[in-house]
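Data block for my_file-v3.csv (CSV, C-alpha atoms):
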```csv
chain,number,residue,atom,x,y,z
A,1,MET,CA,-35.3,188.7,43.7
A,2,PRO,CA,-34.3,190.7,46.8
A,3,GLU,CA,-33.3,194.3,46.2
A,4,VAL,CA,-29.9,195.5,47.2
A,5,THR,CA,-30.5,198.1,49.9
A,6,THR,CA,-28.2,200.4,51.8
A,7,GLY,CA,-28.1,197.9,54.7
A,8,TRP,CA,-26.3,195.4,52.5
A,9,TYR,CA,-23.5,197.8,51.7
A,10,LEU,CA,-23.2,198.8,55.3
A,11,VAL,CA,-22.9,195.2,56.5
A,12,LEU,CA,-20.2,194.6,53.9
A,13,GLY,CA,-18.4,197.7,55.0
A,14,ALA,CA,-18.6,196.6,58.6
A,15,ALA,CA,-17.4,193.1,57.7
A,16,LEU,CA,-14.4,194.5,55.9
A,17,PHE,CA,-13.7,196.7,58.9
A,18,ILE,CA,-14.0,193.8,61.3
A,19,ILE,CA,-11.8,191.6,59.2
A,20,GLY,CA,-9.2,194.3,59.1
A,21,GLY,CA,-9.5,194.9,62.8
A,22,VAL,CA,-9.0,191.3,63.7
A,23,GLY,CA,-6.1,191.1,61.3
A,24,LEU,CA,-4.5,194.1,62.9
A,25,LEU,CA,-4.8,192.4,66.3
A,26,VAL,CA,-3.6,189.0,65.2
A,27,ARG,CA,-0.8,189.6,62.7
A,28,ARG,CA,2.6,190.8,63.9
A,29,ASN,CA,4.4,191.7,60.7
A,30,PRO,CA,4.3,195.6,60.5
A,31,LEU,CA,3.7,195.6,56.8
A,32,VAL,CA,0.7,193.3,57.1
A,33,MET,CA,-0.6,195.3,60.0
A,34,LEU,CA,-0.5,198.4,57.7
A,35,MET,CA,-2.4,196.5,55.1
A,36,CYS,CA,-5.1,195.6,57.6
A,37,VAL,CA,-5.4,199.3,58.4
A,38,GLU,CA,-6.0,199.9,54.7
A,39,LEU,CA,-8.7,197.3,54.8
A,40,MET,CA,-10.4,199.0,57.7
A,41,LEU,CA,-10.3,202.3,55.8
A,42,ASN,CA,-11.9,200.7,52.8
A,43,GLY,CA,-14.7,199.4,54.8
A,44,VAL,CA,-15.3,202.8,56.1
A,45,ASN,CA,-15.2,204.3,52.6
A,46,LEU,CA,-17.8,201.9,51.5
A,47,SER,CA,-20.1,202.9,54.3
A,48,PHE,CA,-19.7,206.5,53.6
A,49,VAL,CA,-20.5,206.1,49.9
A,50,ALA,CA,-23.6,203.9,50.8
A,51,PHE,CA,-24.9,206.7,53.1
A,52,SER,CA,-24.1,209.3,50.6
A,53,ARG,CA,-26.3,207.6,48.1
A,54,ALA,CA,-29.0,206.8,50.6
A,55,LEU,CA,-29.2,210.4,51.8
A,56,GLY,CA,-28.7,212.0,48.4
A,57,ASP,CA,-25.8,214.1,49.7
A,58,ILE,CA,-22.4,214.4,48.1
A,59,GLY,CA,-20.8,215.1,51.5
A,60,GLY,CA,-20.2,211.4,52.0
A,61,GLN,CA,-18.2,211.1,48.8
A,62,THR,CA,-16.2,214.2,49.7
A,63,VAL,CA,-15.2,212.5,53.0
A,64,VAL,CA,-14.1,209.5,51.1
A,65,PHE,CA,-11.9,211.7,48.9
A,66,PHE,CA,-10.3,213.0,52.0
A,67,VAL,CA,-9.9,209.6,53.6
A,68,LEU,CA,-8.1,208.5,50.4
A,69,VAL,CA,-5.7,211.4,50.6
A,70,VAL,CA,-5.0,210.9,54.3
A,71,ALA,CA,-4.6,207.1,53.8
A,72,ALA,CA,-2.0,207.7,51.1
A,73,ALA,CA,-0.1,210.1,53.3
A,74,GLU,CA,-0.3,207.7,56.2
A,75,VAL,CA,1.0,204.8,54.2
A,76,VAL,CA,3.9,206.9,52.9
A,77,VAL,CA,5.0,207.8,56.4
A,78,GLY,CA,4.2,204.4,57.9
A,79,LEU,CA,6.3,202.6,55.3
A,80,GLY,CA,9.1,205.1,55.8
A,81,LEU,CA,9.0,204.2,59.5
A,82,VAL,CA,9.0,200.5,58.7
A,83,VAL,CA,12.0,200.9,56.3
A,84,ALA,CA,13.9,202.9,59.0
A,85,ILE,CA,13.2,200.3,61.7
A,86,LEU,CA,13.7,197.1,59.7
A,87,ARG,CA,17.0,198.4,58.4
A,88,ARG,CA,18.3,198.5,61.9
A,89,ARG,CA,16.6,195.4,63.2
A,90,PRO,CA,15.8,193.1,60.3
A,91,GLY,CA,13.1,190.6,61.0
A,92,ALA,CA,11.6,192.6,63.8
A,93,THR,CA,7.9,192.1,64.5
A,94,ALA,CA,5.4,194.3,66.3
A,95,ASP,CA,6.1,192.5,69.5
A,96,ASP,CA,9.8,193.3,69.3
A,97,LEU,CA,9.3,197.0,68.9
A,98,ALA,CA,8.2,197.4,72.4
A,99,SER,CA,10.3,200.3,73.5
A,100,LEU,CA,11.0,203.7,71.9
A,101,LYS,CA,14.7,203.1,72.1
A,102,GLY,CA,16.0,202.8,68.5
G,1,MET,CA,-28.4,192.5,37.7
G,2,ASP,CA,-27.8,194.8,40.7
G,3,LEU,CA,-27.9,191.8,43.0
G,4,SER,CA,-25.5,189.7,40.9
G,5,VAL,CA,-23.0,192.6,40.7
G,6,PHE,CA,-23.2,193.1,44.5
G,7,VAL,CA,-22.9,189.5,45.3
G,8,VAL,CA,-19.9,188.9,43.0
G,9,SER,CA,-18.1,192.1,44.2
G,10,ALA,CA,-18.9,191.4,47.8
G,11,ALA,CA,-17.4,187.9,47.4
G,12,ILE,CA,-14.3,189.4,45.8
G,13,CYS,CA,-13.9,191.9,48.7
G,14,LEU,CA,-14.4,189.3,51.4
G,15,VAL,CA,-12.1,186.7,49.9
G,16,GLY,CA,-9.5,189.4,49.4
G,17,ALA,CA,-9.8,190.7,53.0
G,18,LEU,CA,-9.5,187.2,54.4
G,19,GLY,CA,-6.5,186.6,52.1
G,20,VAL,CA,-4.8,189.7,53.5
G,21,VAL,CA,-5.2,188.5,57.1
G,22,LEU,CA,-4.5,184.8,56.5
G,23,ALA,CA,-1.7,184.8,53.9
G,24,ARG,CA,1.7,183.8,55.3
G,25,ASN,CA,3.7,185.6,52.6
G,26,PRO,CA,3.4,189.4,52.7
G,27,VAL,CA,3.4,189.6,49.0
G,28,HIS,CA,0.3,187.4,48.9
G,29,SER,CA,-1.3,189.7,51.4
G,30,ALA,CA,-0.6,192.7,49.1
G,31,LEU,CA,-2.0,191.0,46.1
G,32,MET,CA,-5.1,190.0,48.0
G,33,LEU,CA,-5.4,193.7,49.1
G,34,VAL,CA,-5.5,194.6,45.4
G,35,MET,CA,-8.3,192.2,44.9
G,36,THR,CA,-10.3,193.8,47.7
G,37,LEU,CA,-9.6,197.3,46.3
G,38,PHE,CA,-10.9,196.3,42.9
G,39,GLY,CA,-14.0,194.8,44.5
G,40,ILE,CA,-14.6,198.1,46.4
G,41,ALA,CA,-14.1,200.1,43.1
G,42,VAL,CA,-16.8,198.0,41.5
G,43,LEU,CA,-19.1,198.6,44.4
G,44,PHE,CA,-18.5,202.3,44.1
G,45,VAL,CA,-19.5,202.2,40.4
G,46,ALA,CA,-22.6,200.2,41.4
G,47,GLN,CA,-23.5,203.1,43.7
G,48,GLU,CA,-22.8,205.7,41.0
G,49,ALA,CA,-19.7,207.1,42.6
G,50,HIS,CA,-17.7,206.9,39.4
G,51,PHE,CA,-15.0,209.4,40.1
G,52,LEU,CA,-14.3,207.7,43.4
G,53,ALA,CA,-14.1,204.4,41.7
G,54,ALA,CA,-11.5,205.7,39.3
G,55,VAL,CA,-9.5,207.4,42.1
G,56,GLN,CA,-9.7,204.3,44.2
G,57,VAL,CA,-8.1,202.2,41.4
G,58,ILE,CA,-5.5,204.8,40.5
G,59,VAL,CA,-4.5,205.9,44.0
G,60,TYR,CA,-5.1,202.9,46.2
G,61,ALA,CA,-4.5,199.9,43.9
G,62,GLY,CA,-2.1,201.8,41.7
G,63,ALA,CA,0.0,203.7,44.1
G,64,ILE,CA,-0.4,202.6,47.7
G,65,VAL,CA,-0.2,198.8,47.1
G,66,VAL,CA,2.7,199.4,44.6
G,67,LEU,CA,4.5,201.3,47.4
G,68,PHE,CA,3.8,198.3,49.8
G,69,LEU,CA,5.3,195.9,47.3
G,70,PHE,CA,8.4,198.2,46.8
G,71,VAL,CA,9.0,198.2,50.5
G,72,ILE,CA,8.5,194.5,50.8
G,73,MET,CA,11.0,193.8,48.1
G,74,LEU,CA,13.4,196.4,49.3
G,75,LEU,CA,13.5,195.0,52.8
G,76,GLY,CA,13.5,191.4,51.6
G,77,VAL,CA,10.6,190.4,53.9
G,78,ASP,CA,8.9,188.5,51.1
G,79,ARG,CA,10.6,185.3,52.3
G,80,ALA,CA,7.9,183.6,54.2
G,81,GLN,CA,7.2,184.5,57.8
G,82,SER,CA,6.1,181.2,59.2
G,83,LEU,CA,6.5,182.0,62.9
G,84,GLU,CA,4.9,185.4,63.2
G,85,LEU,CA,1.3,184.2,63.2
G,86,ASP,CA,2.0,182.3,66.4
G,87,ALA,CA,1.6,185.1,68.8
G,88,MET,CA,-0.2,183.8,71.9
G,89,PRO,CA,-3.0,181.4,70.7
G,90,ILE,CA,-5.4,182.9,73.2
G,91,GLN,CA,-5.0,186.3,71.5
G,92,LYS,CA,-5.9,184.8,68.1
G,93,TRP,CA,-9.0,183.1,69.4
G,94,ALA,CA,-10.0,186.2,71.4
G,95,ALA,CA,-9.7,188.3,68.3
G,96,VAL,CA,-11.8,185.9,66.2
G,97,VAL,CA,-14.5,185.8,68.9
G,98,PHE,CA,-14.5,189.5,69.1
G,99,GLY,CA,-14.7,189.8,65.4
G,100,ALA,CA,-17.6,187.4,65.1
G,101,GLY,CA,-19.4,189.1,67.9
G,102,SER,CA,-19.0,192.5,66.3
G,103,LEU,CA,-20.3,191.2,63.0
G,104,VAL,CA,-23.4,189.7,64.6
G,105,VAL,CA,-24.1,193.1,66.3
G,106,VAL,CA,-23.6,194.9,63.0
G,107,VAL,CA,-25.9,192.6,61.1
G,108,ALA,CA,-28.6,192.9,63.8
G,109,LEU,CA,-28.3,196.7,63.7
G,110,ALA,CA,-28.5,196.7,59.9
G,111,ARG,CA,-31.7,194.6,59.9
G,112,ALA,CA,-33.3,196.8,62.6
G,113,VAL,CA,-32.5,200.1,60.8
G,114,ASP,CA,-33.1,199.6,57.1
G,115,HIS,CA,-34.4,203.1,56.5
G,116,PRO,CA,-31.5,205.5,57.2
G,117,VAL,CA,-33.2,208.4,55.4
G,118,THR,CA,-34.1,211.1,57.8
G,119,GLY,CA,-35.8,213.4,55.5
G,120,GLU,CA,-33.4,216.3,56.1
G,121,ALA,CA,-32.3,218.4,53.2
G,122,ALA,CA,-28.9,217.6,51.7
G,123,VAL,CA,-26.2,219.7,53.3
G,124,GLY,CA,-23.7,219.4,50.5
G,125,GLY,CA,-24.6,219.0,46.9
G,126,ALA,CA,-27.8,217.1,46.5
G,127,ILE,CA,-27.5,213.9,44.4
G,128,ASP,CA,-30.4,214.1,42.0
G,129,GLY,CA,-29.3,211.8,39.3
G,130,THR,CA,-28.9,214.5,36.6
G,131,THR,CA,-25.7,216.2,37.7
G,132,PRO,CA,-22.6,214.1,37.3
G,133,ASP,CA,-21.0,213.1,40.6
G,134,VAL,CA,-17.7,214.6,39.6
G,135,ARG,CA,-19.3,218.0,39.2
G,136,LEU,CA,-21.0,217.8,42.6
G,137,LEU,CA,-17.9,216.6,44.2
G,138,ALA,CA,-15.8,219.4,42.7
G,139,ARG,CA,-18.4,222.0,43.8
G,140,SER,CA,-18.4,220.6,47.3
G,141,LEU,CA,-14.6,220.3,47.6
G,142,PHE,CA,-13.8,223.8,46.4
G,143,SER,CA,-16.5,225.6,48.2
G,144,ASP,CA,-17.6,223.9,51.4
G,145,TYR,CA,-14.4,222.0,52.1
G,146,VAL,CA,-11.8,224.2,50.5
G,147,TYR,CA,-9.9,224.7,53.8
G,148,ALA,CA,-9.7,221.0,54.3
G,149,PHE,CA,-8.6,220.6,50.8
G,150,GLU,CA,-5.7,223.0,51.2
G,151,LEU,CA,-4.7,221.4,54.5
G,152,THR,CA,-4.6,218.0,52.8
G,153,SER,CA,-2.2,219.4,50.2
G,154,LEU,CA,0.0,220.6,53.1
G,155,LEU,CA,-0.3,217.2,54.6
G,156,LEU,CA,0.9,215.5,51.5
G,157,VAL,CA,4.0,217.8,51.4
G,158,VAL,CA,4.7,217.0,55.0
G,159,ALA,CA,4.3,213.3,54.3
G,160,VAL,CA,6.7,213.4,51.4
G,161,ILE,CA,9.3,215.3,53.5
G,162,GLY,CA,8.8,212.9,56.3
G,163,ALA,CA,9.3,209.9,54.1
G,164,VAL,CA,12.5,211.3,52.6
G,165,VAL,CA,13.9,212.0,56.1
G,166,LEU,CA,12.9,208.6,57.5
G,167,ALA,CA,14.3,206.6,54.7
G,168,ARG,CA,17.6,208.3,54.6
G,169,LYS,CA,20.6,206.2,55.5
G,170,PRO,CA,22.0,207.2,58.9
G,171,LYS,CA,25.1,209.3,58.7
G,172,ARG,CA,28.3,207.5,59.8
G,173,VAL,CA,29.9,209.5,62.5
G,174,GLU,CA,33.7,209.8,61.9
G,175,GLN,CA,35.5,208.8,65.0
```
Could you write out this structure as C-alpha coordinates?
Amino acid sequence: MPEVTTGWYLVLGAALFIIGGVGLLVRRNPLVMLMCVELMLNGVNLSFVAFSRALGDIGGQTVVFFVLVVAAAEVVVGLGLVVAILRRRPGATADDLASLKG
Amino acid sequence: MDLSVFVVSAAICLVGALGVVLARNPVHSALMLVMTLFGIAVLFVAQEAHFLAAVQVIVYAGAIVVLFLFVIMLLGVDRAQSLELDAMPIQKWAAVVFGAGSLVVVVALARAVDHPVTGEAAVGGAIDGTTPDVRLLARSLFSDYVYAFELTSLLLVVAVIGAVVLARKPKRVEQ
(Lines of atoms letter the chains of each structure in order from A and count residues from 1; the text may use other names and numbers.)
(Lines give C-alpha, C1' and ligand atoms only; values in the text may rest on other atoms or scores of the structure.)
Protein backbone atom coordinates (compact mmCIF):
# COMPACT_ATOMS: atom_id res chain seq x y z
CA MET A 1 0.00 0.00 0.00
CA PRO A 2 2.03 3.04 -1.15
CA GLU A 3 1.90 6.07 1.06
CA VAL A 4 0.72 9.37 -0.37
CA THR A 5 3.76 11.64 -0.16
CA THR A 6 4.18 15.31 -0.98
CA GLY A 7 5.46 14.46 -4.44
CA TRP A 8 2.08 13.05 -5.43
CA TYR A 9 0.32 16.31 -4.61
CA LEU A 10 2.98 18.27 -6.44
CA VAL A 11 2.61 16.17 -9.57
CA LEU A 12 -1.16 16.57 -9.46
CA GLY A 13 -0.80 20.32 -9.02
CA ALA A 14 1.60 20.45 -11.93
CA ALA A 15 -0.74 18.34 -14.05
CA LEU A 16 -3.60 20.74 -13.38
CA PHE A 17 -1.34 23.68 -14.19
CA ILE A 18 -0.24 22.09 -17.45
CA ILE A 19 -3.77 21.16 -18.49
CA GLY A 20 -4.84 24.73 -17.78
CA GLY A 21 -1.87 26.09 -19.69
CA VAL A 22 -2.54 23.92 -22.73
CA GLY A 23 -6.20 24.90 -22.56
CA LEU A 24 -5.26 28.57 -22.44
CA LEU A 25 -3.16 28.14 -25.56
CA VAL A 26 -5.67 26.06 -27.50
CA ARG A 27 -9.07 27.54 -26.72
CA ARG A 28 -10.14 30.80 -28.30
CA ASN A 29 -13.28 31.64 -26.38
CA PRO A 30 -12.34 34.36 -23.83
CA LEU A 31 -14.54 32.88 -21.11
CA VAL A 32 -13.02 29.43 -21.42
CA MET A 33 -9.56 30.99 -21.43
CA LEU A 34 -10.35 32.65 -18.11
CA MET A 35 -11.51 29.31 -16.74
CA CYS A 36 -8.21 27.77 -17.80
CA VAL A 37 -6.41 30.50 -15.89
CA GLU A 38 -8.44 29.52 -12.83
CA LEU A 39 -7.34 25.91 -13.37
CA MET A 40 -3.72 26.99 -13.36
CA LEU A 41 -4.22 28.94 -10.16
CA ASN A 42 -5.78 25.93 -8.51
CA GLY A 43 -2.83 23.78 -9.48
CA VAL A 44 -0.54 26.30 -7.87
CA ASN A 45 -2.72 26.43 -4.75
CA LEU A 46 -2.47 22.69 -4.37
CA SER A 47 1.32 22.85 -4.62
CA PHE A 48 1.47 25.58 -2.01
CA VAL A 49 -0.65 23.63 0.46
CA ALA A 50 1.42 20.50 -0.17
CA PHE A 51 4.61 22.36 0.62
CA SER A 52 3.04 24.07 3.59
CA ARG A 53 2.26 20.68 5.08
CA ALA A 54 5.63 19.18 4.18
CA LEU A 55 7.59 22.03 5.72
CA GLY A 56 5.27 22.51 8.69
CA ASP A 57 4.88 26.21 7.92
CA ILE A 58 1.54 28.03 7.66
CA GLY A 59 3.05 30.52 5.19
CA GLY A 60 2.01 28.34 2.27
CA GLN A 61 -1.62 28.46 3.31
CA THR A 62 -1.41 32.23 3.76
CA VAL A 63 -0.19 32.54 0.18
CA VAL A 64 -3.11 30.41 -0.98
CA PHE A 65 -5.45 32.76 0.85
CA PHE A 66 -4.01 35.69 -1.04
CA VAL A 67 -4.09 33.82 -4.33
CA LEU A 68 -7.79 33.18 -3.77
CA VAL A 69 -8.48 36.85 -3.13
CA VAL A 70 -6.49 38.01 -6.13
CA ALA A 71 -8.10 35.37 -8.34
CA ALA A 72 -11.53 36.60 -7.32
CA ALA A 73 -10.60 40.20 -8.13
CA GLU A 74 -9.06 39.17 -11.42
CA VAL A 75 -12.12 37.18 -12.47
CA VAL A 76 -14.36 40.13 -11.66
CA VAL A 77 -12.36 42.54 -13.79
CA GLY A 78 -11.76 39.99 -16.53
CA LEU A 79 -15.44 39.19 -16.86
CA GLY A 80 -16.24 42.91 -16.86
CA LEU A 81 -13.86 43.27 -19.78
CA VAL A 82 -15.40 40.28 -21.56
CA VAL A 83 -18.89 41.75 -21.11
CA ALA A 84 -17.76 45.14 -22.39
CA ILE A 85 -16.06 43.64 -25.43
CA LEU A 86 -18.62 41.03 -26.38
CA ARG A 87 -21.38 43.59 -26.19
CA ARG A 88 -19.74 45.53 -28.96
CA ARG A 89 -18.59 42.56 -31.00
CA PRO A 90 -20.75 39.57 -30.23
CA GLY A 91 -19.14 36.25 -31.05
CA ALA A 92 -15.60 37.61 -30.95
CA THR A 93 -12.85 35.17 -30.11
CA ALA A 94 -9.37 35.85 -28.80
CA ASP A 95 -8.04 35.86 -32.35
CA ASP A 96 -10.40 38.66 -33.37
CA LEU A 97 -9.37 40.88 -30.50
CA ALA A 98 -6.01 41.55 -32.07
CA SER A 99 -5.89 45.32 -31.86
CA LEU A 100 -6.52 47.73 -29.03
CA LYS A 101 -9.01 49.69 -31.08
CA GLY A 102 -12.46 49.20 -29.56
CA MET B 1 -7.70 5.26 3.29
CA ASP B 2 -5.42 8.19 2.50
CA LEU B 3 -4.52 6.59 -0.77
CA SER B 4 -8.12 6.01 -1.82
CA VAL B 5 -9.10 9.59 -0.94
CA PHE B 6 -6.19 10.92 -2.94
CA VAL B 7 -6.82 8.70 -5.96
CA VAL B 8 -10.53 9.50 -6.11
CA SER B 9 -10.01 13.25 -5.63
CA ALA B 10 -7.18 13.32 -8.14
CA ALA B 11 -9.37 11.53 -10.67
CA ILE B 12 -12.14 14.07 -10.06
CA CYS B 13 -9.72 16.96 -10.49
CA LEU B 14 -8.16 15.62 -13.66
CA VAL B 15 -11.45 14.68 -15.31
CA GLY B 16 -12.77 18.13 -14.46
CA ALA B 17 -9.68 19.84 -15.84
CA LEU B 18 -9.85 17.89 -19.08
CA GLY B 19 -13.53 18.69 -19.25
CA VAL B 20 -12.87 22.42 -18.94
CA VAL B 21 -10.41 22.30 -21.82
CA LEU B 22 -12.26 19.92 -24.10
CA ALA B 23 -15.92 20.84 -23.65
CA ARG B 24 -17.50 22.60 -26.60
CA ASN B 25 -20.17 24.39 -24.66
CA PRO B 26 -18.85 27.01 -22.19
CA VAL B 27 -21.52 26.07 -19.66
CA HIS B 28 -20.15 22.53 -19.62
CA SER B 29 -16.68 23.96 -19.08
CA ALA B 30 -17.93 25.93 -16.08
CA LEU B 31 -19.57 22.86 -14.56
CA MET B 32 -16.42 20.83 -15.07
CA LEU B 33 -14.53 23.61 -13.33
CA VAL B 34 -16.84 23.22 -10.34
CA MET B 35 -15.96 19.52 -10.30
CA THR B 36 -12.27 20.33 -10.26
CA LEU B 37 -12.73 22.87 -7.49
CA PHE B 38 -14.54 20.38 -5.30
CA GLY B 39 -11.79 17.84 -5.91
CA ILE B 40 -9.22 20.40 -4.85
CA ALA B 41 -11.24 21.20 -1.73
CA VAL B 42 -11.24 17.52 -0.78
CA LEU B 43 -7.48 17.42 -1.26
CA PHE B 44 -7.14 20.46 0.97
CA VAL B 45 -9.08 18.65 3.70
CA ALA B 46 -6.86 15.59 3.21
CA GLN B 47 -3.87 17.84 3.88
CA GLU B 48 -5.49 19.32 6.98
CA ALA B 49 -6.06 22.76 5.49
CA HIS B 50 -9.68 22.86 6.58
CA PHE B 51 -10.21 26.61 6.48
CA LEU B 52 -8.84 26.80 2.96
CA ALA B 53 -11.10 23.98 1.86
CA ALA B 54 -14.13 25.85 3.14
CA VAL B 55 -13.00 29.11 1.59
CA GLN B 56 -12.29 27.34 -1.69
CA VAL B 57 -15.81 25.98 -1.87
CA ILE B 58 -17.46 29.23 -0.80
CA VAL B 59 -15.38 31.66 -2.84
CA TYR B 60 -14.22 29.70 -5.86
CA ALA B 61 -17.04 27.28 -6.50
CA GLY B 62 -19.72 29.42 -4.93
CA ALA B 63 -18.90 32.87 -6.22
CA ILE B 64 -16.41 32.82 -9.07
CA VAL B 65 -17.99 30.04 -11.09
CA VAL B 66 -21.45 31.51 -10.45
CA LEU B 67 -20.11 34.78 -11.86
CA PHE B 68 -18.84 32.92 -14.91
CA LEU B 69 -22.25 31.37 -15.44
CA PHE B 70 -23.97 34.73 -15.04
CA VAL B 71 -21.78 36.24 -17.73
CA ILE B 72 -22.20 33.26 -20.03
CA MET B 73 -25.96 33.50 -19.73
CA LEU B 74 -25.96 37.29 -19.99
CA LEU B 75 -23.96 37.28 -23.19
CA GLY B 76 -25.76 34.32 -24.65
CA VAL B 77 -22.55 32.48 -25.52
CA ASP B 78 -23.93 29.25 -24.15
CA ARG B 79 -25.03 28.29 -27.61
CA ALA B 80 -22.38 25.91 -28.80
CA GLN B 81 -19.16 27.26 -30.18
CA SER B 82 -18.35 24.58 -32.67
CA LEU B 83 -15.81 26.47 -34.76
CA GLU B 84 -13.60 28.07 -32.17
CA LEU B 85 -11.58 24.98 -31.38
CA ASP B 86 -10.28 24.92 -34.95
CA ALA B 87 -7.53 27.43 -34.56
CA MET B 88 -4.54 26.29 -36.58
CA PRO B 89 -4.24 22.50 -36.07
CA ILE B 90 -0.47 22.82 -35.73
CA GLN B 91 -1.01 25.03 -32.69
CA LYS B 92 -3.23 22.41 -31.05
CA TRP B 93 -0.66 19.67 -31.54
CA ALA B 94 2.20 21.90 -30.46
CA ALA B 95 0.33 22.74 -27.27
CA VAL B 96 -0.40 19.07 -26.52
CA VAL B 97 3.21 18.06 -27.15
CA PHE B 98 4.43 20.89 -24.97
CA GLY B 99 2.00 19.89 -22.24
CA ALA B 100 3.00 16.24 -22.35
CA GLY B 101 6.69 17.16 -22.31
CA SER B 102 6.21 19.45 -19.30
CA LEU B 103 4.35 16.73 -17.45
CA VAL B 104 7.16 14.24 -18.09
CA VAL B 105 9.69 16.76 -16.77
CA VAL B 106 7.62 17.41 -13.68
CA VAL B 107 7.14 13.74 -12.90
CA ALA B 108 10.86 13.13 -13.31
CA LEU B 109 11.62 16.02 -10.96
CA ALA B 110 9.12 14.84 -8.40
CA ARG B 111 10.63 11.37 -8.37
CA ALA B 112 14.14 12.72 -8.00
CA VAL B 113 13.26 15.05 -5.14
CA ASP B 114 10.91 13.31 -2.78
CA HIS B 115 12.31 14.88 0.38
CA PRO B 116 11.52 18.58 0.17
CA VAL B 117 12.13 19.16 3.86
CA THR B 118 15.19 21.33 4.34
CA GLY B 119 15.31 21.27 8.11
CA GLU B 120 14.93 25.02 8.41
CA ALA B 121 12.75 26.38 11.17
CA ALA B 122 9.28 27.45 10.17
CA VAL B 123 9.13 31.10 9.22
CA GLY B 124 5.45 31.65 9.77
CA GLY B 125 3.39 29.69 12.23
CA ALA B 126 4.69 26.19 12.71
CA ILE B 127 2.13 23.50 11.96
CA ASP B 128 2.45 21.11 14.87
CA GLY B 129 -0.85 19.31 14.69
CA THR B 130 -2.21 20.75 17.92
CA THR B 131 -3.09 24.31 16.96
CA PRO B 132 -6.00 24.52 14.52
CA ASP B 133 -4.97 25.73 11.10
CA VAL B 134 -7.48 28.61 11.25
CA ARG B 135 -5.76 30.01 14.32
CA LEU B 136 -2.31 29.75 12.75
CA LEU B 137 -3.58 31.29 9.54
CA ALA B 138 -5.21 34.16 11.41
CA ARG B 139 -2.07 34.84 13.42
CA SER B 140 0.03 34.81 10.29
CA LEU B 141 -2.34 36.98 8.28
CA PHE B 142 -2.77 39.67 10.90
CA SER B 143 0.82 39.90 12.04
CA ASP B 144 3.29 38.93 9.34
CA TYR B 145 1.17 39.71 6.34
CA VAL B 146 -1.04 42.51 7.58
CA TYR B 147 0.15 44.96 4.91
CA ALA B 148 -0.61 42.50 2.17
CA PHE B 149 -3.97 41.90 3.78
CA GLU B 150 -4.86 45.58 3.75
CA LEU B 151 -3.66 45.90 0.19
CA THR B 152 -5.90 43.03 -0.90
CA SER B 153 -8.87 44.79 0.63
CA LEU B 154 -7.94 47.82 -1.45
CA LEU B 155 -7.59 45.56 -4.47
CA LEU B 156 -11.09 44.23 -3.98
CA VAL B 157 -12.54 47.75 -3.83
CA VAL B 158 -10.68 48.67 -7.02
CA ALA B 159 -11.91 45.50 -8.71
CA VAL B 160 -15.53 46.24 -7.82
CA ILE B 161 -15.26 49.81 -9.10
CA GLY B 162 -13.59 48.58 -12.25
CA ALA B 163 -16.28 46.01 -12.88
CA VAL B 164 -19.02 48.59 -12.45
CA VAL B 165 -17.30 50.98 -14.84
CA LEU B 166 -16.59 48.30 -17.43
CA ALA B 167 -20.05 46.85 -17.45
CA ARG B 168 -21.83 50.15 -17.81
CA LYS B 169 -23.75 50.67 -21.02
CA PRO B 170 -21.94 53.28 -23.12
CA LYS B 171 -23.56 56.69 -23.13
CA ARG B 172 -25.34 57.62 -26.32
CA VAL B 173 -23.99 60.94 -27.52
CA GLU B 174 -26.85 63.19 -28.58
CA GLN B 175 -26.14 64.56 -32.06
One residue among G:Ile127, G:Leu22, G:Val96, G:Val160 is nearest to Phe51 in chain A when using all atoms listed in the file, and that residue is G:Ile127
Write down, as a ChimeraX atom specification, each residue of chain A that has any atom within 6 Å of an atom of chain G, counting all atoms listed in the file.
-> /A:4,7,18,22-23,26-28,55-59,73,77,80,84
Writing out the chosen residues with C-alpha atoms as an mmCIF file, keeping the file's coordinate frame:
```cif
data_model
loop_
_atom_site.group_PDB
_atom_site.id
_atom_site.type_symbol
_atom_site.label_atom_id
_atom_site.label_comp_id
_atom_site.auth_asym_id
_atom_site.auth_seq_id
_atom_site.Cartn_x
_atom_site.Cartn_y
_atom_site.Cartn_z
ATOM 1 C CA VAL A 4 -29.900 195.500 47.200
ATOM 2 C CA GLY A 7 -28.100 197.900 54.700
ATOM 3 C CA ILE A 18 -14.000 193.800 61.300
ATOM 4 C CA VAL A 22 -9.000 191.300 63.700
ATOM 5 C CA GLY A 23 -6.100 191.100 61.300
ATOM 6 C CA VAL A 26 -3.600 189.000 65.200
ATOM 7 C CA ARG A 27 -0.800 189.600 62.700
ATOM 8 C CA ARG A 28 2.600 190.800 63.900
ATOM 9 C CA LEU A 55 -29.200 210.400 51.800
ATOM 10 C CA GLY A 56 -28.700 212.000 48.400
ATOM 11 C CA ASP A 57 -25.800 214.100 49.700
ATOM 12 C CA ILE A 58 -22.400 214.400 48.100
ATOM 13 C CA GLY A 59 -20.800 215.100 51.500
ATOM 14 C CA ALA A 73 -0.100 210.100 53.300
ATOM 15 C CA VAL A 77 5.000 207.800 56.400
ATOM 16 C CA GLY A 80 9.100 205.100 55.800
ATOM 17 C CA ALA A 84 13.900 202.900 59.000
#
```
Across A:Ala71, A:Thr5, A:Arg53, A:Leu81, the smallest distance to Val45 in chain G, with only C-alpha atoms counted, is shown by A:Arg53
> With all atoms listed in the file as the atoms that count, which of A:Met1, A:Arg87, A:Leu10, A:Asp95 lies nearest to Ser52 in chain A?
Replying inline: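 Nearest to Ser52 in chain A: A:Leu10.
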Here CA of Ala94 in chain A and CA of Gly21 in chain A stand apart by 15.3 Å
Practice item. Have a look at A:Leu41, A:Leu97, A:Val11, A:Leu25 and name the one nearest to Glu74 in chain A; count only C-alpha atoms. Key: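 Ranking A:Leu41, A:Leu97, A:Val11, A:Leu25 by distance to Glu74 in chain A, first place goes to A:Leu41.
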Margin query: What's the separation between CA of His50 in chain G and CA of Phe17 in chain A, in Å to one decimal place?
Written below: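 Separation between CA of His50 in chain G and CA of Phe17 in chain A: 22.4 Å.
Around the coordinate (5.7, 199.5, 59.0), residues that reach within 6 Å when counting all atoms listed in the file are Pro30, Leu31, Gly78, Leu79, Leu81 and Val82 of chain A.
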What is the distance between CA of Val49 in chain A and CA of Val57 in chain G, in Å to one decimal?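 We find that CA of Val49 in chain A and CA of Val57 in chain G lie 15.5 Å from each other.
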I need the residue nearest Ala54 in chain G from this list: G:Arg135, G:Phe38, G:Met73, G:Val15. Use only C-alpha atoms for the distance.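 Closest to Ala54 in chain G of all the choices is G:Phe38.
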